[in-house]
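> data-v1.cif (mmCIF, C-alpha atoms and all ligand atoms) pasted underneath:
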data_target
#
loop_
_atom_site.group_PDB
_atom_site.id
_atom_site.type_symbol
_atom_site.label_atom_id
_atom_site.label_comp_id
_atom_site.auth_asym_id
_atom_site.auth_seq_id
_atom_site.Cartn_x
_atom_site.Cartn_y
_atom_site.Cartn_z
ATOM 1 C CA MET A 11 226.698 -26.243 -126.671
ATOM 2 C CA ARG A 12 224.195 -27.950 -124.338
ATOM 3 C CA ASP A 13 226.487 -30.920 -123.864
ATOM 4 C CA PHE A 14 229.353 -28.579 -123.157
ATOM 5 C CA ILE A 15 227.376 -26.685 -120.496
ATOM 6 C CA LYS A 16 226.284 -29.921 -118.880
ATOM 7 C CA ALA A 17 229.770 -31.419 -118.844
ATOM 8 C CA MET A 18 231.299 -28.203 -117.527
ATOM 9 C CA ALA A 19 228.732 -27.838 -114.779
ATOM 10 C CA SER A 20 229.231 -31.370 -113.525
ATOM 11 C CA GLY A 21 233.016 -31.089 -113.864
ATOM 12 C CA ILE A 22 233.105 -27.931 -111.770
ATOM 13 C CA ASP A 23 230.578 -29.274 -109.313
ATOM 14 C CA ALA A 24 232.607 -32.436 -108.764
ATOM 15 C CA SER A 25 235.914 -30.577 -108.420
ATOM 16 C CA ASP A 26 237.553 -29.738 -105.102
ATOM 17 C CA TYR A 27 239.637 -26.816 -106.239
ATOM 18 C CA ALA A 28 238.458 -25.084 -109.402
ATOM 19 C CA ILE A 29 240.199 -21.897 -110.494
ATOM 20 C CA ALA A 30 239.653 -19.545 -113.406
ATOM 21 C CA PHE A 31 242.218 -17.908 -115.603
ATOM 22 C CA THR A 32 241.044 -14.869 -117.553
ATOM 23 C CA GLY A 33 242.303 -12.579 -120.303
ATOM 24 C CA ALA A 34 241.209 -9.540 -122.237
ATOM 25 C CA GLY A 35 238.368 -11.505 -123.858
ATOM 26 C CA ILE A 36 236.334 -11.599 -120.647
ATOM 27 C CA SER A 37 236.228 -7.807 -120.585
ATOM 28 C CA ALA A 38 235.422 -7.418 -124.285
ATOM 29 C CA GLU A 39 231.679 -7.502 -123.588
ATOM 30 C CA SER A 40 232.178 -4.660 -121.096
ATOM 31 C CA GLY A 41 233.473 -2.564 -123.976
ATOM 32 C CA ILE A 42 237.209 -2.871 -123.347
ATOM 33 C CA PRO A 43 239.031 -3.689 -126.556
ATOM 34 C CA THR A 44 241.308 -6.743 -126.598
ATOM 35 C CA TYR A 45 244.883 -6.352 -127.794
ATOM 36 C CA ARG A 46 244.791 -8.909 -130.521
ATOM 37 C CA GLY A 47 242.103 -9.878 -132.954
ATOM 38 C CA GLU A 48 239.473 -7.679 -134.581
ATOM 39 C CA ASP A 49 239.102 -4.198 -133.057
ATOM 40 C CA GLY A 50 242.358 -4.849 -131.179
ATOM 41 C CA LEU A 51 243.693 -1.867 -129.281
ATOM 42 C CA TRP A 52 247.083 -2.100 -130.942
ATOM 43 C CA GLU A 53 245.545 -1.279 -134.285
ATOM 44 C CA GLU A 54 245.148 2.290 -133.057
ATOM 45 C CA TYR A 55 247.811 2.827 -130.391
ATOM 46 C CA ASP A 56 251.402 1.834 -130.864
ATOM 47 C CA PRO A 57 252.376 -0.401 -127.930
ATOM 48 C CA HIS A 58 255.997 0.656 -128.229
ATOM 49 C CA LEU A 59 255.033 4.202 -127.299
ATOM 50 C CA TYR A 60 252.280 3.537 -124.759
ATOM 51 C CA ALA A 61 253.057 0.275 -123.102
ATOM 52 C CA HIS A 62 256.787 -0.348 -123.191
ATOM 53 C CA ILE A 63 258.891 0.374 -120.126
ATOM 54 C CA ARG A 64 261.736 1.768 -122.217
ATOM 55 C CA SER A 65 259.523 4.397 -123.752
ATOM 56 C CA PHE A 66 257.880 5.144 -120.397
ATOM 57 C CA LEU A 67 261.242 5.787 -118.754
ATOM 58 C CA GLN A 68 262.401 7.883 -121.681
ATOM 59 C CA ASP A 69 259.333 10.072 -121.929
ATOM 60 C CA SER A 70 256.267 9.135 -119.904
ATOM 61 C CA SER A 71 254.109 11.857 -121.457
ATOM 62 C CA HIS A 72 253.033 9.417 -124.221
ATOM 63 C CA TYR A 73 251.638 7.071 -121.589
ATOM 64 C CA TRP A 74 250.013 9.845 -119.569
ATOM 65 C CA ASN A 75 248.345 11.307 -122.646
ATOM 66 C CA PHE A 76 247.000 7.843 -123.402
ATOM 67 C CA PHE A 77 245.863 7.562 -119.763
ATOM 68 C CA ARG A 78 244.093 10.919 -119.906
ATOM 69 C CA GLU A 79 242.456 10.466 -123.313
ATOM 70 C CA VAL A 80 241.732 6.725 -123.432
ATOM 71 C CA ARG A 81 242.497 4.632 -120.376
ATOM 72 C CA TYR A 82 240.974 6.735 -117.596
ATOM 73 C CA PRO A 83 237.674 7.631 -119.310
ATOM 74 C CA LEU A 84 237.244 3.998 -120.339
ATOM 75 C CA ILE A 85 237.928 2.490 -116.907
ATOM 76 C CA LYS A 86 235.609 5.040 -115.257
ATOM 77 C CA LYS A 87 232.840 4.049 -117.620
ATOM 78 C CA VAL A 88 233.002 0.258 -117.815
ATOM 79 C CA ARG A 89 231.036 -2.173 -115.669
ATOM 80 C CA PRO A 90 231.518 -5.883 -115.105
ATOM 81 C CA ASN A 91 229.545 -8.040 -117.517
ATOM 82 C CA LYS A 92 227.687 -11.326 -117.117
ATOM 83 C CA ALA A 93 230.895 -13.333 -117.363
ATOM 84 C CA HIS A 94 232.605 -11.469 -114.500
ATOM 85 C CA LEU A 95 229.411 -11.767 -112.457
ATOM 86 C CA ALA A 96 229.143 -15.493 -113.149
ATOM 87 C CA LEU A 97 232.677 -16.098 -111.849
ATOM 88 C CA SER A 98 231.912 -14.068 -108.747
ATOM 89 C CA GLU A 99 228.762 -16.075 -108.196
ATOM 90 C CA MET A 100 230.711 -19.283 -108.663
ATOM 91 C CA GLU A 101 233.033 -18.152 -105.882
ATOM 92 C CA ALA A 102 230.081 -17.284 -103.648
ATOM 93 C CA LEU A 103 228.656 -20.755 -104.230
ATOM 94 C CA GLY A 104 231.968 -22.211 -103.083
ATOM 95 C CA LYS A 105 232.656 -23.660 -106.522
ATOM 96 C CA LEU A 106 235.560 -21.423 -107.518
ATOM 97 C CA LYS A 107 238.590 -20.803 -105.329
ATOM 98 C CA SER A 108 240.264 -17.972 -107.191
ATOM 99 C CA VAL A 109 240.620 -16.008 -110.395
ATOM 100 C CA ILE A 110 244.030 -15.460 -111.933
ATOM 101 C CA THR A 111 243.738 -12.634 -114.425
ATOM 102 C CA GLN A 112 245.924 -10.975 -117.014
ATOM 103 C CA ASN A 113 243.589 -8.002 -117.046
ATOM 104 C CA ILE A 114 244.420 -4.708 -115.436
ATOM 105 C CA ASP A 115 240.894 -3.290 -115.408
ATOM 106 C CA GLY A 116 239.725 -4.321 -111.912
ATOM 107 C CA LEU A 117 236.401 -5.659 -113.212
ATOM 108 C CA HIS A 118 236.608 -8.986 -111.349
ATOM 109 C CA GLN A 119 236.725 -7.101 -108.053
ATOM 110 C CA ASP A 120 233.876 -4.832 -109.193
ATOM 111 C CA ALA A 121 231.851 -7.959 -109.877
ATOM 112 C CA GLY A 122 232.439 -9.141 -106.309
ATOM 113 C CA SER A 123 235.219 -11.703 -106.726
ATOM 114 C CA SER A 124 237.472 -11.546 -103.689
ATOM 115 C CA ALA A 125 240.267 -13.984 -104.473
ATOM 116 C CA VAL A 126 241.820 -12.322 -107.518
ATOM 117 C CA ILE A 127 245.459 -12.573 -108.564
ATOM 118 C CA GLU A 128 246.356 -9.779 -110.987
ATOM 119 C CA LEU A 129 249.343 -11.033 -112.948
ATOM 120 C CA HIS A 130 249.818 -7.777 -114.816
ATOM 121 C CA GLY A 131 248.911 -5.416 -111.995
ATOM 122 C CA THR A 132 246.135 -2.862 -112.054
ATOM 123 C CA THR A 133 245.625 0.377 -113.857
ATOM 124 C CA ARG A 134 243.624 1.625 -110.857
ATOM 125 C CA ARG A 135 246.655 2.063 -108.642
ATOM 126 C CA ILE A 136 249.378 4.628 -109.279
ATOM 127 C CA PHE A 137 252.563 4.946 -107.275
ATOM 128 C CA CYS A 138 255.617 7.163 -107.040
ATOM 129 C CA MET A 139 258.829 5.595 -108.325
ATOM 130 C CA ASP A 140 260.829 7.702 -105.864
ATOM 131 C CA CYS A 141 258.967 7.721 -102.524
ATOM 132 C CA SER A 142 256.553 4.787 -103.168
ATOM 133 C CA GLN A 143 253.496 6.806 -102.137
ATOM 134 C CA GLU A 144 250.333 5.268 -103.629
ATOM 135 C CA TYR A 145 247.612 7.226 -105.388
ATOM 136 C CA SER A 146 244.246 6.361 -106.832
ATOM 137 C CA MET A 147 243.537 6.652 -110.521
ATOM 138 C CA GLU A 148 241.329 9.649 -109.727
ATOM 139 C CA ASP A 149 244.139 11.410 -107.842
ATOM 140 C CA ALA A 150 246.504 10.838 -110.740
ATOM 141 C CA PHE A 151 243.966 12.211 -113.190
ATOM 142 C CA THR A 152 243.581 15.386 -111.128
ATOM 143 C CA ILE A 153 247.347 15.895 -110.883
ATOM 144 C CA LEU A 154 247.659 15.153 -114.586
ATOM 145 C CA LYS A 155 245.146 17.848 -115.504
ATOM 146 C CA ALA A 156 247.549 20.420 -114.043
ATOM 147 C CA LYS A 157 250.760 18.925 -115.401
ATOM 148 C CA CYS A 158 251.872 16.210 -117.810
ATOM 149 C CA PRO A 159 253.695 14.043 -116.891
ATOM 150 C CA PRO A 160 252.200 14.264 -113.410
ATOM 151 C CA PRO A 161 254.680 14.874 -110.546
ATOM 152 C CA CYS A 162 254.292 13.163 -107.154
ATOM 153 C CA PRO A 163 252.628 15.669 -104.787
ATOM 154 C CA ASN A 164 254.762 14.288 -101.989
ATOM 155 C CA CYS A 165 258.248 14.494 -103.524
ATOM 156 C CA GLU A 166 257.915 15.700 -107.136
ATOM 157 C CA GLY A 167 259.080 12.226 -108.222
ATOM 158 C CA LYS A 168 257.876 10.217 -111.196
ATOM 159 C CA LEU A 169 254.467 8.538 -110.980
ATOM 160 C CA ARG A 170 253.677 5.283 -112.717
ATOM 161 C CA PRO A 171 250.712 2.926 -112.946
ATOM 162 C CA ASP A 172 250.994 -0.318 -110.986
ATOM 163 C CA VAL A 173 250.967 -2.390 -114.153
ATOM 164 C CA ILE A 174 253.570 -4.549 -115.828
ATOM 165 C CA PHE A 175 254.767 -2.769 -118.949
ATOM 166 C CA PHE A 176 256.122 -4.676 -121.910
ATOM 167 C CA GLY A 177 259.789 -5.278 -121.255
ATOM 168 C CA GLU A 178 259.274 -5.780 -117.511
ATOM 169 C CA PRO A 179 259.253 -9.088 -115.642
ATOM 170 C CA LEU A 180 256.171 -10.130 -113.713
ATOM 171 C CA ASP A 181 256.189 -9.581 -109.954
ATOM 172 C CA SER A 182 257.735 -12.729 -108.506
ATOM 173 C CA VAL A 183 255.497 -12.741 -105.406
ATOM 174 C CA VAL A 184 252.357 -12.492 -107.534
ATOM 175 C CA LEU A 185 253.617 -15.107 -109.952
ATOM 176 C CA ARG A 186 254.419 -17.492 -107.115
ATOM 177 C CA ALA A 187 250.916 -17.037 -105.705
ATOM 178 C CA ALA A 188 249.528 -17.940 -109.126
ATOM 179 C CA TYR A 189 251.686 -21.060 -109.338
ATOM 180 C CA GLU A 190 250.510 -22.100 -105.878
ATOM 181 C CA GLU A 191 246.900 -21.855 -107.013
ATOM 182 C CA VAL A 192 247.682 -23.826 -110.141
ATOM 183 C CA LYS A 193 249.349 -26.538 -108.083
ATOM 184 C CA LYS A 194 246.262 -26.880 -105.883
ATOM 185 C CA SER A 195 243.773 -26.831 -108.738
ATOM 186 C CA ASP A 196 241.936 -29.836 -110.064
ATOM 187 C CA PHE A 197 239.837 -27.836 -112.543
ATOM 188 C CA PHE A 198 241.391 -25.030 -114.586
ATOM 189 C CA LEU A 199 238.968 -22.830 -116.505
ATOM 190 C CA VAL A 200 240.361 -20.459 -119.132
ATOM 191 C CA VAL A 201 238.090 -17.590 -120.178
ATOM 192 C CA GLY A 202 238.882 -15.091 -122.948
ATOM 193 C CA SER A 203 242.579 -15.486 -123.503
ATOM 194 C CA SER A 204 244.459 -16.232 -126.687
ATOM 195 C CA LEU A 205 247.036 -18.009 -124.486
ATOM 196 C CA VAL A 206 249.979 -16.720 -126.443
ATOM 197 C CA VAL A 207 251.899 -14.565 -123.972
ATOM 198 C CA TYR A 208 253.925 -15.862 -121.056
ATOM 199 C CA PRO A 209 252.851 -17.027 -118.502
ATOM 200 C CA ALA A 210 249.386 -17.437 -119.994
ATOM 201 C CA ALA A 211 250.770 -19.997 -122.350
ATOM 202 C CA GLU A 212 252.305 -21.901 -119.469
ATOM 203 C CA LEU A 213 249.837 -21.903 -116.561
ATOM 204 C CA PRO A 214 247.228 -24.113 -118.256
ATOM 205 C CA VAL A 215 249.966 -26.541 -119.288
ATOM 206 C CA ARG A 216 251.225 -26.747 -115.704
ATOM 207 C CA ALA A 217 247.683 -27.278 -114.423
ATOM 208 C CA LYS A 218 247.147 -30.064 -116.908
ATOM 209 C CA GLN A 219 250.489 -31.680 -116.080
ATOM 210 C CA GLY A 220 249.495 -31.527 -112.414
ATOM 211 C CA GLY A 221 246.388 -33.549 -113.197
ATOM 212 C CA ALA A 222 243.744 -30.800 -113.413
ATOM 213 C CA ALA A 223 240.980 -30.883 -115.984
ATOM 214 C CA LEU A 224 241.435 -28.072 -118.514
ATOM 215 C CA ALA A 225 238.490 -26.139 -119.948
ATOM 216 C CA ILE A 226 238.738 -23.274 -122.445
ATOM 217 C CA ILE A 227 235.985 -20.799 -123.284
ATOM 218 C CA ASN A 228 237.217 -18.389 -125.934
ATOM 219 C CA LYS A 229 235.698 -16.770 -128.973
ATOM 220 C CA GLU A 230 238.458 -17.915 -131.260
ATOM 221 C CA GLU A 231 240.819 -20.867 -131.287
ATOM 222 C CA THR A 232 243.686 -20.751 -128.809
ATOM 223 C CA GLN A 233 247.196 -22.145 -128.785
ATOM 224 C CA LEU A 234 246.222 -24.797 -126.267
ATOM 225 C CA ASP A 235 242.877 -26.079 -127.520
ATOM 226 C CA HIS A 236 244.515 -29.402 -128.334
ATOM 227 C CA LEU A 237 245.384 -29.934 -124.649
ATOM 228 C CA ALA A 238 241.960 -29.119 -123.248
ATOM 229 C CA ASP A 239 239.358 -31.556 -121.953
ATOM 230 C CA TYR A 240 236.576 -29.110 -122.804
ATOM 231 C CA VAL A 241 236.709 -26.383 -125.481
ATOM 232 C CA LEU A 242 234.013 -23.964 -126.569
ATOM 233 C CA HIS A 243 234.459 -21.131 -129.051
ATOM 234 C CA ASP A 244 231.821 -18.663 -127.979
ATOM 235 C CA GLU A 245 231.269 -15.514 -125.959
ATOM 236 C CA ALA A 246 231.983 -15.745 -122.249
ATOM 237 C CA GLY A 247 228.970 -13.636 -121.261
ATOM 238 C CA LYS A 248 226.708 -16.071 -123.031
ATOM 239 C CA VAL A 249 228.253 -19.294 -121.775
ATOM 240 C CA LEU A 250 229.198 -18.717 -118.121
ATOM 241 C CA PRO A 251 225.722 -17.731 -116.865
ATOM 242 C CA GLN A 252 224.362 -20.962 -118.334
ATOM 243 C CA ILE A 253 226.982 -22.981 -116.491
ATOM 244 C CA ILE A 254 226.005 -21.252 -113.241
ATOM 245 C CA SER A 255 222.303 -21.948 -113.801
ATOM 246 C CA ARG A 256 223.081 -25.548 -114.475
ATOM 247 C CA ILE A 257 225.263 -25.898 -111.351
ATOM 248 C CA LYS A 258 222.486 -24.347 -109.257
ATOM 249 C CA ARG A 259 219.841 -26.562 -110.804
ATOM 250 C CA ASP A 260 221.648 -29.877 -110.340
HETATM 251 P P1 LIG B 1 244.293 -11.308 -126.127
HETATM 252 O O1 LIG B 1 243.864 -9.974 -126.616
HETATM 253 O O2 LIG B 1 245.572 -11.844 -126.622
HETATM 254 O O3 LIG B 1 243.181 -12.400 -126.439
HETATM 255 C C1 LIG B 1 241.847 -12.202 -126.144
HETATM 256 C C2 LIG B 1 241.056 -13.414 -126.624
HETATM 257 O O4 LIG B 1 239.712 -13.225 -126.180
HETATM 258 C C3 LIG B 1 241.014 -13.582 -128.125
HETATM 259 O O5 LIG B 1 241.486 -14.881 -128.460
HETATM 260 C C4 LIG B 1 239.514 -13.458 -128.485
HETATM 261 O O6 LIG B 1 239.092 -14.411 -129.417
HETATM 262 C C5 LIG B 1 238.839 -13.709 -127.175
HETATM 263 N N1 LIG B 1 237.542 -13.024 -127.008
HETATM 264 C C6 LIG B 1 237.151 -11.817 -127.478
HETATM 265 N N2 LIG B 1 235.906 -11.532 -127.081
HETATM 266 C C7 LIG B 1 235.493 -12.583 -126.323
HETATM 267 C C8 LIG B 1 234.301 -12.882 -125.615
HETATM 268 N N3 LIG B 1 233.266 -12.037 -125.589
HETATM 269 N N4 LIG B 1 234.228 -14.051 -124.932
HETATM 270 C C9 LIG B 1 235.269 -14.928 -124.931
HETATM 271 N N5 LIG B 1 236.423 -14.697 -125.611
HETATM 272 C C10 LIG B 1 236.537 -13.533 -126.267
HETATM 273 O O7 LIG B 1 244.279 -11.191 -124.571
HETATM 274 P P2 LIG B 1 245.099 -11.928 -123.456
HETATM 275 O O8 LIG B 1 245.170 -13.369 -123.746
HETATM 276 O O9 LIG B 1 244.529 -11.444 -122.198
HETATM 277 O O10 LIG B 1 246.599 -11.416 -123.540
HETATM 278 C C11 LIG B 1 247.036 -10.142 -123.904
HETATM 279 C C12 LIG B 1 247.361 -9.097 -122.868
HETATM 280 O O11 LIG B 1 246.336 -8.151 -122.944
HETATM 281 C C13 LIG B 1 247.408 -9.401 -121.430
HETATM 282 O O12 LIG B 1 248.713 -9.121 -121.065
HETATM 283 C C14 LIG B 1 246.489 -8.362 -120.737
HETATM 284 O O13 LIG B 1 247.179 -7.752 -119.650
HETATM 285 C C15 LIG B 1 246.269 -7.368 -121.776
HETATM 286 N N6 LIG B 1 244.997 -6.638 -121.886
HETATM 287 C C16 LIG B 1 244.164 -6.417 -120.833
HETATM 288 C C17 LIG B 1 242.930 -5.776 -121.002
HETATM 289 C C18 LIG B 1 242.053 -5.532 -119.813
HETATM 290 O O14 LIG B 1 242.530 -5.329 -118.708
HETATM 291 N N7 LIG B 1 240.727 -5.581 -120.005
HETATM 292 C C19 LIG B 1 242.553 -5.367 -122.278
HETATM 293 C C20 LIG B 1 243.420 -5.596 -123.347
HETATM 294 C C21 LIG B 1 244.625 -6.247 -123.142
HETATM 295 ZN ZN ZN B 2 256.964 10.649 -104.377
#
Please express what this file holds, its structure, as C-alpha cells.
Ligand code: NAD
Ligand code: ZN


Amino acid sequence: MRDFIKAMASGIDASDYAIAFTGAGISAESGIPTYRGEDGLWEEYDPHLYAHIRSFLQDSSHYWNFFREVRYPLIKKVRPNKAHLALSEMEALGKLKSVITQNIDGLHQDAGSSAVIELHGTTRRIFCMDCSQEYSMEDAFTILKAKCPPPCPNCEGKLRPDVIFFGEPLDSVVLRAAYEEVKKSDFFLVVGSSLVVYPAAELPVRAKQGGAALAIINKEETQLDHLADYVLHDEAGKVLPQIISRIKRD
C-alpha cells in the first residue's frame, strides 16, 4: 500500500494531464449503494421496471414511485466523502484536469470539482419531454406529491430525469467531450468502477493505447486490472486522501 501511494503520487505529480474516471464505488462510502456486488441496488429493485427506457415510456409511475421513495430521499441526504473531496483538492492543486463520471448523484460537484463530465446524466435535473422546460429535483418532488406521474406545470407534458436509462444511447456531445479528455490525458485514474459497462470498459483502454499511464483503485478486481500500470484493491476514501497528502508533502 505504501509503495502504491508513493508511486501514484509521483506519477500524478509528474503528469501534465491527469484525469479521473469514477463509478458507483466512489459514492459507496457516502451511503449510495452500487449496482453490482454485495448490497447492490438491483438486488432490491428490478432495473427493468425502474431504469429501462421502455418501461419508463410505457408507464413512468414505477420510476416516479422509486424516485419518491428511494432516489429523492437518498440524494437529499448524502454528502460527498473523502474520495470525492480528494479529487476536488487534486483539481484545486492543479494536478487533475477533469473527472469523467458514470454517477448520476452530483457528489463530485458538491465536493467542489468543477470540470465534471457526467456520462450518464444527473438525477438532479428533470425536464419536460414535450416543452423541454427544466425543473429541479425539488420541484419535481413537489409536483409528484400532488400527482404521479408528475405532469409538466408548463404544458402538462411528461417529465423525465436527465439521466440515461438502460436502452438509451449516451449523449453524443457528452461522449465526445469525454473522448477529448481521454485523448489529452497522460495519466488516467479509475476510481470505484467495475469497468464492465460501455463506455467504461473502453475509455481506460483508449487512454492506455494513447500512451497514458493507467491506475485503478477499486475494492474488487476489475475487467482491466491486467492492463493497468498501478492497481490497488481497497476503499477509495482510504486511499485517495493519502495520495493527496503525499503529493502535498513532496
Ligand atoms: P458498479 O456497481 O458496476 O461497480 C462498482 C465498483 O465499485 C465495484 O467493482 C466495487 O468493488 C467497487 N467499490 C465498492 N465500494 C468501493 C469503495 N469504497 N472504494 C472503491 N471501490 C469500491 O458501478 P459502475 O462501474 O459505476 O457501473 C454501473 C452503473 O452504475 C453506472 O452506469 C452508473 O451510472 C450506475 N450507478 C450510479 C450510482 C451513483 O450515481 N452513485 C450508483 C449506482 C449505480
Ligand atoms: Zn412541458

> Go through A:Phe66, A:Tyr240, A:Tyr189, A:Phe137 one by one, measure the shortest atom-to-atom distance of each to ligand ZN 2 (chain B) using only C-alpha atoms and all ligand atoms, and give the residue with the smallest value.

A:Phe137

> Env of Ala211 in chain A: 8 Å cut, atoms = all atoms listed in the file, seq-sep filter 4 positions within chain, self excluded. Answer as a list of chain:residue names.

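Selected residues are A:Leu205, A:Val206, A:Val207, A:Val215, A:Gln233, A:Leu234.
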
> Exactly which residues make up the result of the PyMOL selection byres (((chain A and resi 170-181) around 7) and not hetatm) on this file, given as a VMD selection string?

chain A and resid 61 to 63 129 to 133 135 to 139 168 to 169 182 to 185

> I need the residues from that last selection saved to file as a JSON list (two decimals), in the frame of the given file (with C-alpha atoms), if you can.


[["chain", "number", "residue", "atom", "x", "y", "z"],
["A", 61, "ALA", "CA", 253.06, 0.28, -123.10],
["A", 62, "HIS", "CA", 256.79, -0.35, -123.19],
["A", 63, "ILE", "CA", 258.89, 0.37, -120.13],
["A", 129, "LEU", "CA", 249.34, -11.03, -112.95],
["A", 130, "HIS", "CA", 249.82, -7.78, -114.82],
["A", 131, "GLY", "CA", 248.91, -5.42, -112.00],
["A", 132, "THR", "CA", 246.14, -2.86, -112.05],
["A", 133, "THR", "CA", 245.62, 0.38, -113.86],
["A", 135, "ARG", "CA", 246.66, 2.06, -108.64],
["A", 136, "ILE", "CA", 249.38, 4.63, -109.28],
["A", 137, "PHE", "CA", 252.56, 4.95, -107.28],
["A", 138, "CYS", "CA", 255.62, 7.16, -107.04],
["A", 139, "MET", "CA", 258.83, 5.60, -108.32],
["A", 168, "LYS", "CA", 257.88, 10.22, -111.20],
["A", 169, "LEU", "CA", 254.47, 8.54, -110.98],
["A", 182, "SER", "CA", 257.74, -12.73, -108.51],
["A", 183, "VAL", "CA", 255.50, -12.74, -105.41],
["A", 184, "VAL", "CA", 252.36, -12.49, -107.53],
["A", 185, "LEU", "CA", 253.62, -15.11, -109.95]]

> As an exercise, work out the distance from atom C17 of ligand LIG 1 (chain B) to CA of Val201 in chain A in Å and give it to one decimal place.

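Here the two named atoms are 12.8 Å from each other.
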
> Might you pull out every residue within 8 Å of Ile127 in chain A, with only C-alpha atoms counted and same-chain residues fewer than 6 positions away left off, and present them as a list in words?

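These residues fall inside the cut-off: Ser108, Val109, Ile110, Thr111, Val184, Ala187 and Ala188 of chain A.
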
> Take the residues from that selection and put them in a file with C-alpha atoms, as a PDB file, keeping the file's coordinate frame.


ATOM      1  CA  SER A 108     240.264 -17.972-107.191  1.00  0.00           C
ATOM      2  CA  VAL A 109     240.620 -16.008-110.395  1.00  0.00           C
ATOM      3  CA  ILE A 110     244.030 -15.460-111.933  1.00  0.00           C
ATOM      4  CA  THR A 111     243.738 -12.634-114.425  1.00  0.00           C
ATOM      5  CA  VAL A 184     252.357 -12.492-107.534  1.00  0.00           C
ATOM      6  CA  ALA A 187     250.916 -17.037-105.705  1.00  0.00           C
ATOM      7  CA  ALA A 188     249.528 -17.940-109.126  1.00  0.00           C
TER       8      ALA A 188
END

> Any residue with an atom at most 9 Å from ligand LIG 1 (chain B) counts, using all atoms listed in the file. Which are they? Put them as a PyMOL selection string.

chain A and resi 32-48+50-51+93+111-117+128-133+173-174+176+201-208+210-211+227-232+243-249

> Which residues are near ligand ZN 2 (chain B) - at most 9 Å, using only C-alpha atoms and all ligand atoms? Format: as a list of chain:residue names.

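So, counting only C-alpha atoms and all ligand atoms, the residues near ligand ZN 2 (chain B) are A:Phe137, A:Cys138, A:Met139, A:Asp140, A:Cys141, A:Ser142, A:Gln143, A:Glu144, A:Pro161, A:Cys162, A:Pro163, A:Asn164, A:Cys165, A:Glu166, A:Gly167, A:Lys168, A:Leu169.
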
> Draw an axis-aligned box tight on the listed atoms of range 192-208 of chain A, then pad every side by 4 Å and write out centre and edge lengths in Å to one decimal as lines of an AutoDock Vina configuration file.


center_x = 246.0
center_y = -22.2
center_z = -116.3
size_x = 23.8
size_y = 23.3
size_z = 28.8

> How many Å separate CA of Ile253 in chain A from CA of Ala19 in chain A?

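For CA of Ile253 in chain A relative to CA of Ala19 in chain A, the distance reads 5.4 Å.
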